[in-house]
Every structure is written in C-alpha cells, then in structure tokens.
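Q: Let me begin by handing over the structure; questions about it come next.
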Amino acid sequence: MSGQFGERTEEQRERALEAVRELIRWIGDNPAREGLKDTPRRVVDAYLEYFQGYDQQPEDYLTRTFEQVGGYDEIVLLKEIPFHSHCEHHMAPIIGKAHVAYLPTDKVVGISKLARVVQAYARRLQVQERLTAEIADCIQKVLEPQGVAVVIEASHACMTARGVNTPGVSMTTSRMMGVFREDQKAREEVIKLIGIK
Ligand SMILES: Nc1nc2c(ncn2[C@@H]2O[C@H](COP(=O)(O)OP(=O)(O)OP(=O)(O)O)[C@@H](O)[C@H]2O)c(=O)[nH]1
Ligand SMILES: [Zn+2]
C-alpha cells in the first residue's frame, strides 16, 4: 500500500489498529467486546477510503485533453458534484457539492475528470477554503483556460453535530480566476449559470 508519504508498512497498520482501540477506550467502550472486535480493521480500511486523495495526483486527471470541439468557446460548467470530505480540525465530515466551471482556450477535458479532481482534493483533511482554491488552481495550472470558477456549498459536522450544534447551516466559498475574476460580465454569467444567489 502506498501513500504520498511512501509505503505503509504492516507495523504502521498495527499502530493504526491500536489507535482505534485506544479511541474506543477513550469514549468509554470496550474494544474487546464482540460487536467491536472487527471495528478497528474496518475503521483503518475506511480511513484509507475517506483519505485516498493522498494517493492521487489530481493534475494527472487533466492531462488528456480534446482540441476538436467545433470551435466551442463558451463556459463549460459541471454543477452539483457531490463530495464527502473531512475537516482538518476535528476530522469530522464535510458534506457538500462543488460547482466547477472554466472557459476553455483551445482544449477541453472529459467532464468526469473535473469530478475526479474534486474527489482527489476532497478525500484529504481539508478546510473548505483550501479545498476550493486547490481545485481551481489545479485546473488553471494544467488546462490554462481563460478562466476558472469554483463554488462550494457544504455543511460541516463539526458545527452541526457538536460544538455550536447548529444543524442546517451551510458554508459557501468561491474561487474565481482569470476572466471570472477580472471581467464583471464573465463573472456575472458564470454565477448565473451556477445558480447561486
Ligand atoms: N474557515 C473554516 N473553518 C472551519 C472549517 N471547518 C471547521 N472550521 C472551524 O474551525 C474552527 C476551529 O476552532 P477551534 O476554536 O480551534 O476549535 P473548537 O474549540 O473545537 O471550536 P468549536 O467548533 O467552536 O467548538 C471552528 O470554528 C470550526 O467551525 C472550514 O472548512 N473552514
Ligand atoms: Zn471541524
């Protein structure tokens, strides 16, 4: 098994399993009881899924591009890409949707690749602002479009299920680059297409 920080060894896995047992003790339950016996194994495997973004290079998803698009030179928008992430402060779920738009110069990517970029950054420990910026920066850097717009709406379990305990609240962040930052009309157009107020 590999990660951005190199191979994961059996010894590391054993330590992760023990850490989960310790957390179970910490909350006041017994890791040896029947129902919890396999839980550490499930949790460490689930963590590898929640955080598989550390094993992914988002830029790589954008390297295959298409240039034969009939002279298409308008906004491409992928709306409401659902994602699950985790906040880096509490490791609590961040659940939301991302809207990703760009104005191509001469190349476009397969639309699934925009969703792959979102997932690769979401499946790491994040704050919503950085998640938003990383997605936009990646698309700008690799595709070099005329502009990129990323808007994310998400709810944070660390706010809804603990702490201030405020269910129903959602956070919106955006990152506008290129024409969407500099040109008021382009910005208005993309915001209208995305449909946020
Ligand atoms: N800006 C931003 N803040 C976040 C995000 N996710 C969680 N937070 C906030 O990060 C802050 C961490 O604050 P701390 O005061 O260090 O932690 P805390 O004592 O657990 O805070 P409370 O949640 O208020 O109980 C909280 O206000 C969270 O709501 C995020 O994606 N972006
Ligand atoms: Zn949090």
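Identifiers for the structure tokens are assigned positionally: chains receive A, B, ... in sequence, residues are indexed from 1 per chain, and ligands are indexed from 1 in the order shown.
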I'd like the contact shell of range 94-99 of chain A - 9 Å cut-off, only C-alpha atoms, skipping same-chain residues fewer than 5 positions apart - returned as a ChimeraX atom specification.

A: /A:77-87,115,118,122,126-128,132,149-158,170,194

Q: For the selection you just gave me, I'd like the residues written to a file as a compact mmCIF listing (two decimals), in the first residue's frame, keeping C-alpha atoms.

A:
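Written output follows (selection-v1.txt):
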# COMPACT_ATOMS: atom_id res chain seq x y z
CA LEU A 77 -19.88 24.04 -16.15
CA LEU A 78 -20.17 20.86 -14.10
CA LYS A 79 -22.81 21.53 -11.47
CA GLU A 80 -23.54 19.95 -8.10
CA ILE A 81 -20.67 17.48 -7.86
CA PRO A 82 -21.38 15.80 -4.52
CA PHE A 83 -18.41 15.17 -2.26
CA HIS A 84 -17.53 13.94 1.22
CA SER A 85 -14.51 15.44 2.92
CA HIS A 86 -13.22 15.79 6.49
CA CYS A 87 -12.29 18.95 8.33
CA ALA A 115 -15.28 15.49 -10.72
CA VAL A 118 -12.82 17.47 -6.79
CA ALA A 122 -11.90 16.28 -1.01
CA GLN A 126 -9.35 19.97 4.49
CA VAL A 127 -10.71 23.37 5.25
CA GLN A 128 -13.33 24.39 2.74
CA THR A 132 -11.98 25.41 -3.17
CA ALA A 149 -14.68 29.37 -11.26
CA VAL A 150 -15.18 27.01 -8.35
CA VAL A 151 -18.05 27.39 -5.89
CA ILE A 152 -18.54 25.01 -2.98
CA GLU A 153 -21.54 24.72 -0.69
CA ALA A 154 -21.06 22.38 2.25
CA SER A 155 -22.17 21.59 5.74
CA HIS A 156 -19.67 20.77 8.47
CA ALA A 157 -20.45 18.08 11.02
CA CYS A 158 -18.09 19.79 13.46
CA SER A 170 -24.14 25.64 5.18
CA ILE A 194 -24.19 28.10 -11.35

Q: Skip Arg15 in chain A itself and residues of its chain fewer than 6 positions away, then list as a list in words all residues within 12 Å of it, counting only C-alpha atoms.

A: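 Contacts, with the query itself left out: Arg8, Thr9, Arg21, Glu22, Pro40, Arg41 and Val44 of chain A.
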
Q: Save out the residues we just selected, C-alpha atoms, as a PDB file, in the first residue's frame.

A:
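File result.pdb, as written:
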ATOM      1  CA  ARG A   8       2.538   1.951   4.514  1.00  0.00           C
ATOM      2  CA  THR A   9       4.022  -0.942   6.448  1.00  0.00           C
ATOM      3  CA  ARG A  21      -8.800   0.536  20.042  1.00  0.00           C
ATOM      4  CA  GLU A  22      -7.492   3.371  22.213  1.00  0.00           C
ATOM      5  CA  PRO A  40     -10.526  -1.286  14.234  1.00  0.00           C
ATOM      6  CA  ARG A  41      -9.886  -3.193  10.995  1.00  0.00           C
ATOM      7  CA  VAL A  44      -8.461   1.749   9.312  1.00  0.00           C
TER       8      VAL A  44
END

Q: Using only C-alpha atoms and all ligand atoms, which of the listed residues (A:Glu14, A:Glu88, A:Asp137, A:Asp29) sits closest to ligand 2?

A: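 Going through A:Glu14, A:Glu88, A:Asp137, A:Asp29 one by one, the smallest distance to ligand 2 is for A:Glu88.
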
Q: Nearest to Ala19 in chain A: which of A:Arg33, A:Phe180, A:Val43, A:Cys138 is it, counting only C-alpha atoms?

A: A:Val43

Q: Mind pulling up the distance from CA of Glu7 in chain A to CA of Ser112 in chain A?

A: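 Calculated distance between CA of Ser112 in chain A and CA of Glu7 in chain A is 28.6 Å.
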